[in-house]
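Read the structure below first, then the notes.
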Amino acid sequence: MYTYEERNEALLTLHKRSSYKSVAPSLLENVIFPRMEDCLMSAAIFRTRDGQAIAVSAVCDGGDQGCGGGLLLLMLQAMKRLEPGTVLEVRSTDPGVREDLPAWCRMTGNALLAEQEGERRNRYFLRKA
């Protein structure tokens, strides 16, 4: 496993290169997704407050990371694996994600379908464009 400094350096390298293809696969596996539960394929159904059913294709758990702290990199990696029209569930405890994620969705063309505030973390449901 990598130290905090090595992980941040690898994330910075990824950000500068803007391409995951030039990074060693071991770095992607151990740095971007150090635990399998960080981004899991799923077949869960989420129901909104108004009863709408949303089929979740994948889950991206950012922990306490915000959009400026690595969550966007995790989301981009997860979105690359999804087909257009499928749904990604994003989880984070960072309160700033609630403000940043709608703007990111508008810029990328993805749709923010629903938000769910939780005791321990918030959940966001994005449909890939």
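So you can find residues: chains in the structure tokens are A, B, ... in the order shown, residues in each start at 1, and ligands are numbered from 1 in order.
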Quick one: pick out all helix (DSSP H, G or I) residues within segment 40-80 of chain A from a backbone DSSP run and write them as a compact mmCIF listing (two decimals) with N, CA and C atoms, in the first residue's frame.
# COMPACT_ATOMS: atom_id res chain seq x y z
N CYS A 67 -14.81 17.25 -4.10
CA CYS A 67 -14.53 17.33 -5.53
C CYS A 67 -13.11 17.84 -5.81
N GLY A 68 -12.59 18.69 -4.95
CA GLY A 68 -11.23 19.19 -5.14
C GLY A 68 -10.18 18.30 -4.52
N GLY A 69 -10.60 17.27 -3.82
CA GLY A 69 -9.65 16.43 -3.10
C GLY A 69 -9.52 15.02 -3.64
N LEU A 71 -12.13 13.21 -5.36
CA LEU A 71 -13.39 12.55 -5.67
C LEU A 71 -13.67 12.58 -7.18
N LEU A 72 -13.37 13.69 -7.84
CA LEU A 72 -13.62 13.77 -9.28
C LEU A 72 -12.82 12.73 -10.05
N LEU A 73 -11.58 12.48 -9.64
CA LEU A 73 -10.77 11.45 -10.30
C LEU A 73 -11.41 10.08 -10.14
N LEU A 74 -11.90 9.79 -8.94
CA LEU A 74 -12.58 8.52 -8.71
C LEU A 74 -13.83 8.41 -9.58
N MET A 75 -14.60 9.49 -9.65
CA MET A 75 -15.82 9.49 -10.44
C MET A 75 -15.53 9.32 -11.93
N LEU A 76 -14.51 10.01 -12.43
CA LEU A 76 -14.15 9.89 -13.84
C LEU A 76 -13.75 8.47 -14.19
N GLN A 77 -12.95 7.85 -13.33
CA GLN A 77 -12.54 6.48 -13.55
C GLN A 77 -13.74 5.54 -13.56
N ALA A 78 -14.67 5.75 -12.64
CA ALA A 78 -15.87 4.92 -12.58
C ALA A 78 -16.76 5.16 -13.80
N MET A 79 -16.91 6.41 -14.21
CA MET A 79 -17.76 6.75 -15.37
C MET A 79 -17.23 6.14 -16.66
N LYS A 80 -15.90 6.06 -16.79
CA LYS A 80 -15.32 5.47 -18.00
C LYS A 80 -15.76 4.03 -18.20
Self-check item: Counting only C-alpha atoms, the residue of A:Thr108, A:Ala114, A:Val90, A:Gly85 that sits nearest Asp50 of chain A
Solution: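 The shortest atom-to-atom distance to Asp50 of chain A comes from A:Ala114.
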Quiz item: Which residue, A:Ala129, A:Ala58, A:Phe46, A:Gly118, has the smallest gap to Thr93 of chain A when you use only C-alpha atoms?
Solution: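 Ranked by minimum distance to Thr93 of chain A, first place goes to A:Gly118.
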Practice problem: Tell me which of A:Trp104, A:Arg121, A:Gly109, A:Glu89 sits closest to Val59 of chain A, counting only C-alpha atoms. | Solution: A:Glu89
Practice problem: Write out as an NGL selection string which residues come within 10 Å of Ile45 of chain A when counting only C-alpha atoms, dropping same-chain ones fewer than 3 positions away. | Solution: :A and (42 or 48 or 52-57)
Practice problem: Kindly give the distance, in Å, that separates atom CA of Lys128 of chain A and atom CA of Ala111 of chain A, rounded to a single decimal. | Solution: 6.8 Å
Self-check item: Gap from atom CA of Glu99 of chain A to atom CA of Arg81 of chain A - Å, one decimal
Solution: 25.1 Å
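When atom CA of Gln65 of chain A is paired with atom CA of Asp94 of chain A, their separation reads 6.0 Å.
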